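Below is one structure; the comments refer to it alone.
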Amino acid sequence: MAKPIEPTPEITGKDADEFVELTKRAEVTLDPQKTKFLDECRKIYAERKP
Amino acid sequence: MDLGAFDCQDEDLNEFLKKDAFSYQKNGIAQTYVCQYSNQPVGFFSLCSDAIKLSDLEEIAEFGVDKTHQDYPAIKIARLATSASYKGRHIGMFMVKYVIGMALEFSKKIGCRFVTVDSMPNSVEFYQRLNFIKNLKDHSGKMESMRFDLIEPPTSSVASSP
């Protein structure tokens, strides 16, 4: 049986600041503009792959 | 194509392309791809497989849960160089985009979450412009361990109710 995902532990102190920074940084991954970038990469590869 | 003509002004990288790349390829260590223009080598990159660990906080920040996986599979840009004669023409950027396109294609068949690179300190900004971020857990001496996440962002479209 799959292990249930445990609740996110409470993050406090220095970790909390770092967590906020990491969350901001992770937004790069969630940026809708990224889809356009990925499509450009796919096109470059598809047109030139061996 | 004459690889002997390639010069990126880094002796180690020049030598790798001319002397070592073929044996790395033969021994299954890294595959090297040469970018050519007018039958001249203008850049190259080498790829190998990789796996990276994320710190607990990175996992929570990026995945919303703690301890999802021990390691995340990746394709690593082991080496990348552009001919000095062609600097400033975005060939490096083009090659990284090609690698990301390749990784996206491969990830349909083999689990691959990231493209990774151990960047020279003076190349960190170059990779950041391509949406790479620094790894907090992996360190490679003076090099900066970085990654690009291959996952598509979630679609932001919200279904409108009639």
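Simple scheme: letters A, B, ... for chains in structure tokens order, numbers from 1 for residues in each chain, numbers from 1 for ligands in the order shown.
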Open item on the list: Give me, as JSON, numbers by chain, the residues of chain B touching chain A, with the criterion being at most 7 Å (counting only C-alpha atoms).
Closed with: {"B": [57, 58, 61, 62, 65, 66, 97, 98, 100, 101, 102, 131, 149, 152, 153, 154]}
Just want the 12 Å neighbourhood of region 109-112 of chain B, counted on only C-alpha atoms, with same-chain residues fewer than 4 positions away dropped. Output as a PDB file with all heavy atoms, in the first residue's frame.
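This went into around-v7.pdb:
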```
ATOM      1  N   SER B  49      24.626  10.794 -17.538  1.00  0.00           N
ATOM      2  CA  SER B  49      23.467  10.710 -16.638  1.00  0.00           C
ATOM      3  C   SER B  49      23.889  11.171 -15.249  1.00  0.00           C
ATOM      4  O   SER B  49      25.075  11.186 -14.908  1.00  0.00           O
ATOM      5  CB  SER B  49      22.891   9.297 -16.618  1.00  0.00           C
ATOM      6  OG  SER B  49      23.895   8.384 -16.320  1.00  0.00           O
ATOM      7  N   ASP B  50      22.911  11.546 -14.456  1.00  0.00           N
ATOM      8  CA  ASP B  50      23.201  12.133 -13.147  1.00  0.00           C
ATOM      9  C   ASP B  50      22.033  11.839 -12.204  1.00  0.00           C
ATOM     10  O   ASP B  50      20.953  11.394 -12.631  1.00  0.00           O
ATOM     11  CB  ASP B  50      23.368  13.658 -13.320  1.00  0.00           C
ATOM     12  CG  ASP B  50      24.019  14.334 -12.123  1.00  0.00           C
ATOM     13  OD1 ASP B  50      24.586  13.640 -11.260  1.00  0.00           O
ATOM     14  OD2 ASP B  50      23.950  15.582 -12.055  1.00  0.00           O
ATOM     15  N   ALA B  51      22.241  12.072 -10.934  1.00  0.00           N
ATOM     16  CA  ALA B  51      21.160  12.018  -9.940  1.00  0.00           C
ATOM     17  C   ALA B  51      21.512  13.035  -8.869  1.00  0.00           C
ATOM     18  O   ALA B  51      22.679  13.154  -8.490  1.00  0.00           O
ATOM     19  CB  ALA B  51      21.061  10.624  -9.340  1.00  0.00           C
ATOM     20  N   ILE B  52      20.538  13.795  -8.442  1.00  0.00           N
ATOM     21  CA  ILE B  52      20.830  14.808  -7.422  1.00  0.00           C
ATOM     22  C   ILE B  52      19.906  14.635  -6.215  1.00  0.00           C
ATOM     23  O   ILE B  52      18.811  14.088  -6.326  1.00  0.00           O
ATOM     24  CB  ILE B  52      20.709  16.253  -7.957  1.00  0.00           C
ATOM     25  CG1 ILE B  52      19.295  16.542  -8.503  1.00  0.00           C
ATOM     26  CG2 ILE B  52      21.752  16.528  -9.002  1.00  0.00           C
ATOM     27  CD1 ILE B  52      19.031  18.021  -8.743  1.00  0.00           C
ATOM     28  N   ASP B  71      16.807  10.497  -4.417  1.00  0.00           N
ATOM     29  CA  ASP B  71      17.546  11.107  -5.524  1.00  0.00           C
ATOM     30  C   ASP B  71      16.579  11.415  -6.661  1.00  0.00           C
ATOM     31  O   ASP B  71      15.578  10.731  -6.819  1.00  0.00           O
ATOM     32  CB  ASP B  71      18.603  10.138  -6.069  1.00  0.00           C
ATOM     33  CG  ASP B  71      19.601   9.748  -5.015  1.00  0.00           C
ATOM     34  OD1 ASP B  71      20.468  10.558  -4.711  1.00  0.00           O
ATOM     35  OD2 ASP B  71      19.491   8.619  -4.498  1.00  0.00           O
ATOM     36  N   TYR B  72      16.950  12.418  -7.444  1.00  0.00           N
ATOM     37  CA  TYR B  72      16.143  12.771  -8.616  1.00  0.00           C
ATOM     38  C   TYR B  72      16.981  12.544  -9.873  1.00  0.00           C
ATOM     39  O   TYR B  72      18.114  13.045  -9.963  1.00  0.00           O
ATOM     40  CB  TYR B  72      15.707  14.234  -8.522  1.00  0.00           C
ATOM     41  CG  TYR B  72      14.696  14.454  -7.426  1.00  0.00           C
ATOM     42  CD1 TYR B  72      15.106  14.663  -6.121  1.00  0.00           C
ATOM     43  CD2 TYR B  72      13.335  14.398  -7.692  1.00  0.00           C
ATOM     44  CE1 TYR B  72      14.188  14.834  -5.092  1.00  0.00           C
ATOM     45  CE2 TYR B  72      12.412  14.570  -6.682  1.00  0.00           C
ATOM     46  CZ  TYR B  72      12.842  14.784  -5.387  1.00  0.00           C
ATOM     47  OH  TYR B  72      11.924  14.941  -4.381  1.00  0.00           O
ATOM     48  N   PRO B  73      16.449  11.788 -10.835  1.00  0.00           N
ATOM     49  CA  PRO B  73      17.234  11.504 -12.043  1.00  0.00           C
ATOM     50  C   PRO B  73      17.410  12.755 -12.907  1.00  0.00           C
ATOM     51  O   PRO B  73      16.521  13.611 -12.959  1.00  0.00           O
ATOM     52  CB  PRO B  73      16.400  10.444 -12.764  1.00  0.00           C
ATOM     53  CG  PRO B  73      15.012  10.640 -12.263  1.00  0.00           C
ATOM     54  CD  PRO B  73      15.117  11.182 -10.870  1.00  0.00           C
ATOM     55  N   ALA B  74      18.549  12.812 -13.572  1.00  0.00           N
ATOM     56  CA  ALA B  74      18.874  14.017 -14.357  1.00  0.00           C
ATOM     57  C   ALA B  74      19.814  13.672 -15.506  1.00  0.00           C
ATOM     58  O   ALA B  74      20.433  12.604 -15.526  1.00  0.00           O
ATOM     59  CB  ALA B  74      19.529  15.049 -13.442  1.00  0.00           C
ATOM     60  N   ILE B  75      19.891  14.590 -16.451  1.00  0.00           N
ATOM     61  CA  ILE B  75      20.924  14.551 -17.490  1.00  0.00           C
ATOM     62  C   ILE B  75      21.873  15.691 -17.183  1.00  0.00           C
ATOM     63  O   ILE B  75      21.434  16.825 -16.935  1.00  0.00           O
ATOM     64  CB  ILE B  75      20.301  14.712 -18.895  1.00  0.00           C
ATOM     65  CG1 ILE B  75      19.532  13.440 -19.267  1.00  0.00           C
ATOM     66  CG2 ILE B  75      21.386  15.009 -19.937  1.00  0.00           C
ATOM     67  CD1 ILE B  75      18.811  13.523 -20.598  1.00  0.00           C
ATOM     68  N   LYS B  76      23.157  15.369 -17.178  1.00  0.00           N
ATOM     69  CA  LYS B  76      24.140  16.384 -16.776  1.00  0.00           C
ATOM     70  C   LYS B  76      24.927  16.921 -17.970  1.00  0.00           C
ATOM     71  O   LYS B  76      25.395  16.135 -18.806  1.00  0.00           O
ATOM     72  CB  LYS B  76      25.120  15.759 -15.777  1.00  0.00           C
ATOM     73  CG  LYS B  76      26.162  16.712 -15.268  1.00  0.00           C
ATOM     74  CD  LYS B  76      26.983  16.060 -14.180  1.00  0.00           C
ATOM     75  CE  LYS B  76      27.889  17.076 -13.520  1.00  0.00           C
ATOM     76  NZ  LYS B  76      28.527  16.520 -12.326  1.00  0.00           N
ATOM     77  N   ILE B 100      18.140  20.809 -23.332  1.00  0.00           N
ATOM     78  CA  ILE B 100      16.846  20.766 -22.628  1.00  0.00           C
ATOM     79  C   ILE B 100      15.800  20.089 -23.522  1.00  0.00           C
ATOM     80  O   ILE B 100      15.033  19.236 -23.066  1.00  0.00           O
ATOM     81  CB  ILE B 100      16.403  22.187 -22.210  1.00  0.00           C
ATOM     82  CG1 ILE B 100      17.331  22.713 -21.113  1.00  0.00           C
ATOM     83  CG2 ILE B 100      14.948  22.186 -21.711  1.00  0.00           C
ATOM     84  CD1 ILE B 100      17.142  24.196 -20.782  1.00  0.00           C
ATOM     85  N   MET B 102      16.368  17.902 -25.832  1.00  0.00           N
ATOM     86  CA  MET B 102      16.714  16.476 -25.858  1.00  0.00           C
ATOM     87  C   MET B 102      16.239  15.786 -24.569  1.00  0.00           C
ATOM     88  O   MET B 102      15.639  14.710 -24.606  1.00  0.00           O
ATOM     89  CB  MET B 102      18.240  16.349 -25.993  1.00  0.00           C
ATOM     90  CG  MET B 102      18.738  14.926 -26.070  1.00  0.00           C
ATOM     91  SD  MET B 102      20.543  14.865 -25.904  1.00  0.00           S
ATOM     92  CE  MET B 102      21.063  15.293 -27.508  1.00  0.00           C
ATOM     93  N   ALA B 103      16.485  16.430 -23.436  1.00  0.00           N
ATOM     94  CA  ALA B 103      16.097  15.847 -22.143  1.00  0.00           C
ATOM     95  C   ALA B 103      14.574  15.699 -22.060  1.00  0.00           C
ATOM     96  O   ALA B 103      14.071  14.704 -21.528  1.00  0.00           O
ATOM     97  CB  ALA B 103      16.620  16.713 -20.999  1.00  0.00           C
ATOM     98  N   LEU B 104      13.862  16.686 -22.610  1.00  0.00           N
ATOM     99  CA  LEU B 104      12.396  16.596 -22.602  1.00  0.00           C
ATOM    100  C   LEU B 104      11.936  15.391 -23.421  1.00  0.00           C
ATOM    101  O   LEU B 104      11.021  14.670 -23.036  1.00  0.00           O
ATOM    102  CB  LEU B 104      11.786  17.880 -23.175  1.00  0.00           C
ATOM    103  CG  LEU B 104      11.854  19.113 -22.264  1.00  0.00           C
ATOM    104  CD1 LEU B 104      11.572  20.374 -23.068  1.00  0.00           C
ATOM    105  CD2 LEU B 104      10.873  18.984 -21.108  1.00  0.00           C
ATOM    106  N   GLU B 105      12.610  15.176 -24.537  1.00  0.00           N
ATOM    107  CA  GLU B 105      12.268  14.041 -25.402  1.00  0.00           C
ATOM    108  C   GLU B 105      12.570  12.719 -24.675  1.00  0.00           C
ATOM    109  O   GLU B 105      11.739  11.820 -24.630  1.00  0.00           O
ATOM    110  CB  GLU B 105      13.097  14.145 -26.693  1.00  0.00           C
ATOM    111  CG  GLU B 105      12.846  13.079 -27.714  1.00  0.00           C
ATOM    112  CD  GLU B 105      11.578  13.308 -28.504  1.00  0.00           C
ATOM    113  OE1 GLU B 105      11.082  14.447 -28.518  1.00  0.00           O
ATOM    114  OE2 GLU B 105      11.082  12.330 -29.091  1.00  0.00           O
ATOM    115  N   THR B 116      21.217  19.060 -15.221  1.00  0.00           N
ATOM    116  CA  THR B 116      22.134  19.592 -14.208  1.00  0.00           C
ATOM    117  C   THR B 116      23.442  20.053 -14.853  1.00  0.00           C
ATOM    118  O   THR B 116      23.778  19.649 -15.970  1.00  0.00           O
ATOM    119  CB  THR B 116      22.457  18.533 -13.135  1.00  0.00           C
ATOM    120  OG1 THR B 116      22.992  17.373 -13.784  1.00  0.00           O
ATOM    121  CG2 THR B 116      21.219  18.141 -12.355  1.00  0.00           C
ATOM    122  N   ARG B 147      20.617  23.303 -11.461  1.00  0.00           N
ATOM    123  CA  ARG B 147      19.652  22.406 -12.109  1.00  0.00           C
ATOM    124  C   ARG B 147      18.572  23.200 -12.839  1.00  0.00           C
ATOM    125  O   ARG B 147      18.251  24.331 -12.472  1.00  0.00           O
ATOM    126  CB  ARG B 147      19.006  21.491 -11.078  1.00  0.00           C
ATOM    127  CG  ARG B 147      18.116  22.197 -10.090  1.00  0.00           C
ATOM    128  CD  ARG B 147      17.408  21.195  -9.181  1.00  0.00           C
ATOM    129  NE  ARG B 147      16.470  21.835  -8.294  1.00  0.00           N
ATOM    130  CZ  ARG B 147      16.756  22.278  -7.075  1.00  0.00           C
ATOM    131  NH1 ARG B 147      17.974  22.157  -6.599  1.00  0.00           N
ATOM    132  NH2 ARG B 147      15.833  22.846  -6.334  1.00  0.00           N
ATOM    133  N   PHE B 148      18.024  22.542 -13.854  1.00  0.00           N
ATOM    134  CA  PHE B 148      16.870  23.079 -14.580  1.00  0.00           C
ATOM    135  C   PHE B 148      15.763  22.044 -14.457  1.00  0.00           C
ATOM    136  O   PHE B 148      15.965  20.860 -14.768  1.00  0.00           O
ATOM    137  CB  PHE B 148      17.220  23.305 -16.059  1.00  0.00           C
ATOM    138  CG  PHE B 148      16.043  23.731 -16.886  1.00  0.00           C
ATOM    139  CD1 PHE B 148      15.714  25.067 -17.016  1.00  0.00           C
ATOM    140  CD2 PHE B 148      15.231  22.786 -17.523  1.00  0.00           C
ATOM    141  CE1 PHE B 148      14.612  25.460 -17.758  1.00  0.00           C
ATOM    142  CE2 PHE B 148      14.122  23.171 -18.264  1.00  0.00           C
ATOM    143  CZ  PHE B 148      13.815  24.522 -18.383  1.00  0.00           C
ATOM    144  N   ASP B 149      14.586  22.469 -14.016  1.00  0.00           N
ATOM    145  CA  ASP B 149      13.467  21.547 -13.827  1.00  0.00           C
ATOM    146  C   ASP B 149      12.716  21.375 -15.143  1.00  0.00           C
ATOM    147  O   ASP B 149      12.281  22.353 -15.762  1.00  0.00           O
ATOM    148  CB  ASP B 149      12.535  22.118 -12.745  1.00  0.00           C
ATOM    149  CG  ASP B 149      11.559  21.085 -12.228  1.00  0.00           C
ATOM    150  OD1 ASP B 149      11.353  20.069 -12.917  1.00  0.00           O
ATOM    151  OD2 ASP B 149      11.015  21.295 -11.133  1.00  0.00           O
ATOM    152  N   LEU B 150      12.572  20.118 -15.576  1.00  0.00           N
ATOM    153  CA  LEU B 150      11.941  19.842 -16.874  1.00  0.00           C
ATOM    154  C   LEU B 150      10.420  19.815 -16.821  1.00  0.00           C
ATOM    155  O   LEU B 150       9.756  19.732 -17.857  1.00  0.00           O
ATOM    156  CB  LEU B 150      12.433  18.483 -17.399  1.00  0.00           C
ATOM    157  CG  LEU B 150      13.921  18.416 -17.769  1.00  0.00           C
ATOM    158  CD1 LEU B 150      14.355  16.972 -17.942  1.00  0.00           C
ATOM    159  CD2 LEU B 150      14.204  19.212 -19.032  1.00  0.00           C
ATOM    160  N   ILE B 151       9.883  19.876 -15.618  1.00  0.00           N
ATOM    161  CA  ILE B 151       8.427  19.770 -15.479  1.00  0.00           C
ATOM    162  C   ILE B 151       7.726  21.024 -16.023  1.00  0.00           C
ATOM    163  O   ILE B 151       8.159  22.141 -15.770  1.00  0.00           O
ATOM    164  CB  ILE B 151       8.060  19.548 -13.985  1.00  0.00           C
ATOM    165  CG1 ILE B 151       8.468  18.138 -13.577  1.00  0.00           C
ATOM    166  CG2 ILE B 151       6.579  19.794 -13.719  1.00  0.00           C
ATOM    167  CD1 ILE B 151       7.680  17.008 -14.201  1.00  0.00           C
TER     168      ILE B 151
END
```
Open item on the list: Which of chain B end up as helix (DSSP H, G or I) when DSSP is run on this backbone - answer as JSON, numbers by chain?
Closed with: {"B": [3, 4, 5, 11, 12, 13, 14, 15, 16, 17, 18, 19, 20, 21, 22, 23, 24, 25, 26, 56, 57, 58, 59, 60, 61, 62, 63, 84, 85, 86, 91, 92, 93, 94, 95, 96, 97, 98, 99, 100, 101, 102, 103, 104, 105, 106, 121, 122, 123, 124, 125, 126, 127, 128, 129]}
Open item on the list: List the spatial neighbours of region 17-23 of chain B as a PyMOL selection string - criterion: any atom at most 10 Å away, only C-alpha atoms, same-chain residues fewer than 5 positions off excluded.
Closed with: chain B and resi 2-7+12+28-34+43-46+79+81
Would you save the residues from that selection as a short mmCIF file (atom, residue, chain, number, x, y, z; two decimals), in the first residue's frame, using all heavy atoms?
```
data_model
loop_
_atom_site.label_atom_id
_atom_site.label_comp_id
_atom_site.auth_asym_id
_atom_site.auth_seq_id
_atom_site.Cartn_x
_atom_site.Cartn_y
_atom_site.Cartn_z
N ASP B 2 37.16 19.37 -39.11
CA ASP B 2 38.45 19.33 -38.44
C ASP B 2 38.31 19.84 -36.99
O ASP B 2 38.24 21.05 -36.75
CB ASP B 2 39.44 20.21 -39.22
CG ASP B 2 40.80 20.25 -38.54
OD1 ASP B 2 41.08 19.37 -37.70
OD2 ASP B 2 41.56 21.20 -38.83
N LEU B 3 38.29 18.91 -36.05
CA LEU B 3 38.16 19.31 -34.64
C LEU B 3 39.43 20.01 -34.14
O LEU B 3 39.39 20.74 -33.16
CB LEU B 3 37.86 18.09 -33.76
CG LEU B 3 36.51 17.41 -33.99
CD1 LEU B 3 36.36 16.22 -33.06
CD2 LEU B 3 35.35 18.38 -33.81
N GLY B 4 40.54 19.78 -34.84
CA GLY B 4 41.80 20.41 -34.46
C GLY B 4 41.73 21.93 -34.52
O GLY B 4 42.50 22.63 -33.86
N ALA B 5 40.77 22.44 -35.30
CA ALA B 5 40.65 23.89 -35.44
C ALA B 5 39.91 24.52 -34.27
O ALA B 5 39.88 25.74 -34.12
CB ALA B 5 39.89 24.20 -36.74
N PHE B 6 39.31 23.69 -33.41
CA PHE B 6 38.48 24.24 -32.33
C PHE B 6 39.35 24.86 -31.24
O PHE B 6 40.29 24.26 -30.74
CB PHE B 6 37.61 23.15 -31.72
CG PHE B 6 36.67 23.67 -30.66
CD1 PHE B 6 35.48 24.28 -31.02
CD2 PHE B 6 37.00 23.57 -29.32
CE1 PHE B 6 34.63 24.78 -30.05
CE2 PHE B 6 36.15 24.05 -28.35
CZ PHE B 6 34.96 24.66 -28.71
N ASP B 7 39.01 26.07 -30.84
CA ASP B 7 39.71 26.73 -29.74
C ASP B 7 38.73 27.59 -28.94
O ASP B 7 38.20 28.57 -29.45
CB ASP B 7 40.85 27.61 -30.29
CG ASP B 7 41.61 28.30 -29.17
OD1 ASP B 7 41.46 27.89 -27.99
OD2 ASP B 7 42.35 29.25 -29.46
N ASP B 12 41.98 22.82 -21.17
CA ASP B 12 41.39 21.55 -20.73
C ASP B 12 40.24 21.13 -21.64
O ASP B 12 40.12 19.97 -22.02
CB ASP B 12 40.87 21.66 -19.28
CG ASP B 12 42.02 21.72 -18.29
OD1 ASP B 12 43.16 21.34 -18.67
OD2 ASP B 12 41.79 22.15 -17.15
N GLY B 28 31.36 4.67 -22.52
CA GLY B 28 30.05 4.93 -21.93
C GLY B 28 30.07 5.93 -20.79
O GLY B 28 29.20 5.90 -19.92
N ILE B 29 31.03 6.84 -20.80
CA ILE B 29 31.13 7.82 -19.72
C ILE B 29 30.36 9.09 -20.07
O ILE B 29 29.63 9.64 -19.26
CB ILE B 29 32.61 8.19 -19.43
CG1 ILE B 29 33.44 6.92 -19.17
CG2 ILE B 29 32.73 9.18 -18.28
CD1 ILE B 29 32.98 6.09 -17.99
N ALA B 30 30.56 9.57 -21.29
CA ALA B 30 29.86 10.79 -21.72
C ALA B 30 29.76 10.79 -23.25
O ALA B 30 30.66 10.29 -23.94
CB ALA B 30 30.61 12.03 -21.25
N GLN B 31 28.68 11.33 -23.72
CA GLN B 31 28.49 11.48 -25.17
C GLN B 31 28.73 12.94 -25.53
O GLN B 31 28.20 13.84 -24.87
CB GLN B 31 27.06 11.08 -25.58
CG GLN B 31 26.74 9.61 -25.36
CD GLN B 31 27.47 8.69 -26.32
OE1 GLN B 31 27.70 9.04 -27.48
NE2 GLN B 31 27.85 7.52 -25.84
N THR B 32 29.53 13.15 -26.58
CA THR B 32 29.86 14.52 -26.96
C THR B 32 29.19 14.88 -28.28
O THR B 32 29.18 14.08 -29.22
CB THR B 32 31.39 14.68 -27.07
OG1 THR B 32 31.95 14.41 -25.79
CG2 THR B 32 31.78 16.08 -27.51
N TYR B 33 28.64 16.08 -28.32
CA TYR B 33 27.96 16.60 -29.51
C TYR B 33 28.68 17.86 -29.96
O TYR B 33 28.97 18.73 -29.13
CB TYR B 33 26.50 16.93 -29.19
CG TYR B 33 25.70 15.72 -28.77
CD1 TYR B 33 25.80 15.22 -27.47
CD2 TYR B 33 24.85 15.08 -29.66
CE1 TYR B 33 25.07 14.10 -27.07
CE2 TYR B 33 24.11 13.97 -29.27
CZ TYR B 33 24.23 13.49 -27.97
OH TYR B 33 23.52 12.38 -27.59
N VAL B 34 28.95 17.93 -31.25
CA VAL B 34 29.64 19.10 -31.79
C VAL B 34 28.66 19.94 -32.60
O VAL B 34 27.92 19.42 -33.42
CB VAL B 34 30.84 18.68 -32.66
CG1 VAL B 34 31.51 19.90 -33.29
CG2 VAL B 34 31.85 17.89 -31.84
N GLY B 43 31.19 24.87 -31.38
CA GLY B 43 30.89 24.61 -29.98
C GLY B 43 30.70 23.13 -29.76
O GLY B 43 30.56 22.36 -30.72
N PHE B 44 30.76 22.71 -28.51
CA PHE B 44 30.47 21.31 -28.22
C PHE B 44 29.95 21.19 -26.80
O PHE B 44 30.12 22.09 -25.97
CB PHE B 44 31.73 20.43 -28.42
CG PHE B 44 32.71 20.45 -27.28
CD1 PHE B 44 32.61 19.53 -26.23
CD2 PHE B 44 33.73 21.38 -27.23
CE1 PHE B 44 33.52 19.55 -25.18
CE2 PHE B 44 34.64 21.41 -26.18
CZ PHE B 44 34.53 20.48 -25.15
N PHE B 45 29.28 20.08 -26.55
CA PHE B 45 28.89 19.76 -25.18
C PHE B 45 28.95 18.25 -24.99
O PHE B 45 28.82 17.49 -25.96
CB PHE B 45 27.50 20.31 -24.83
CG PHE B 45 26.40 19.85 -25.74
CD1 PHE B 45 25.72 18.67 -25.50
CD2 PHE B 45 26.04 20.61 -26.84
CE1 PHE B 45 24.69 18.25 -26.34
CE2 PHE B 45 25.01 20.19 -27.69
CZ PHE B 45 24.35 19.02 -27.44
N SER B 46 29.17 17.83 -23.74
CA SER B 46 29.18 16.42 -23.38
C SER B 46 28.09 16.18 -22.36
O SER B 46 27.91 16.99 -21.45
CB SER B 46 30.53 16.02 -22.76
OG SER B 46 31.52 16.08 -23.72
N ARG B 79 30.31 18.98 -19.92
CA ARG B 79 31.20 20.02 -20.49
C ARG B 79 30.43 20.79 -21.55
O ARG B 79 29.59 20.22 -22.25
CB ARG B 79 32.45 19.39 -21.13
CG ARG B 79 33.44 18.88 -20.13
CD ARG B 79 34.59 18.15 -20.79
NE ARG B 79 35.51 17.65 -19.78
CZ ARG B 79 35.29 16.58 -19.04
NH1 ARG B 79 34.19 15.89 -19.19
NH2 ARG B 79 36.18 16.18 -18.14
N ALA B 81 31.37 24.19 -24.31
CA ALA B 81 32.30 25.25 -24.70
C ALA B 81 31.95 25.79 -26.08
O ALA B 81 31.42 25.08 -26.92
CB ALA B 81 33.73 24.71 -24.71
#
```
Open item on the list: Report, in Å with one decimal, the straight-line distance from CA of Glu144 (chain B) to CA of Phe114 (chain B).
Closed with: 15.5 Å
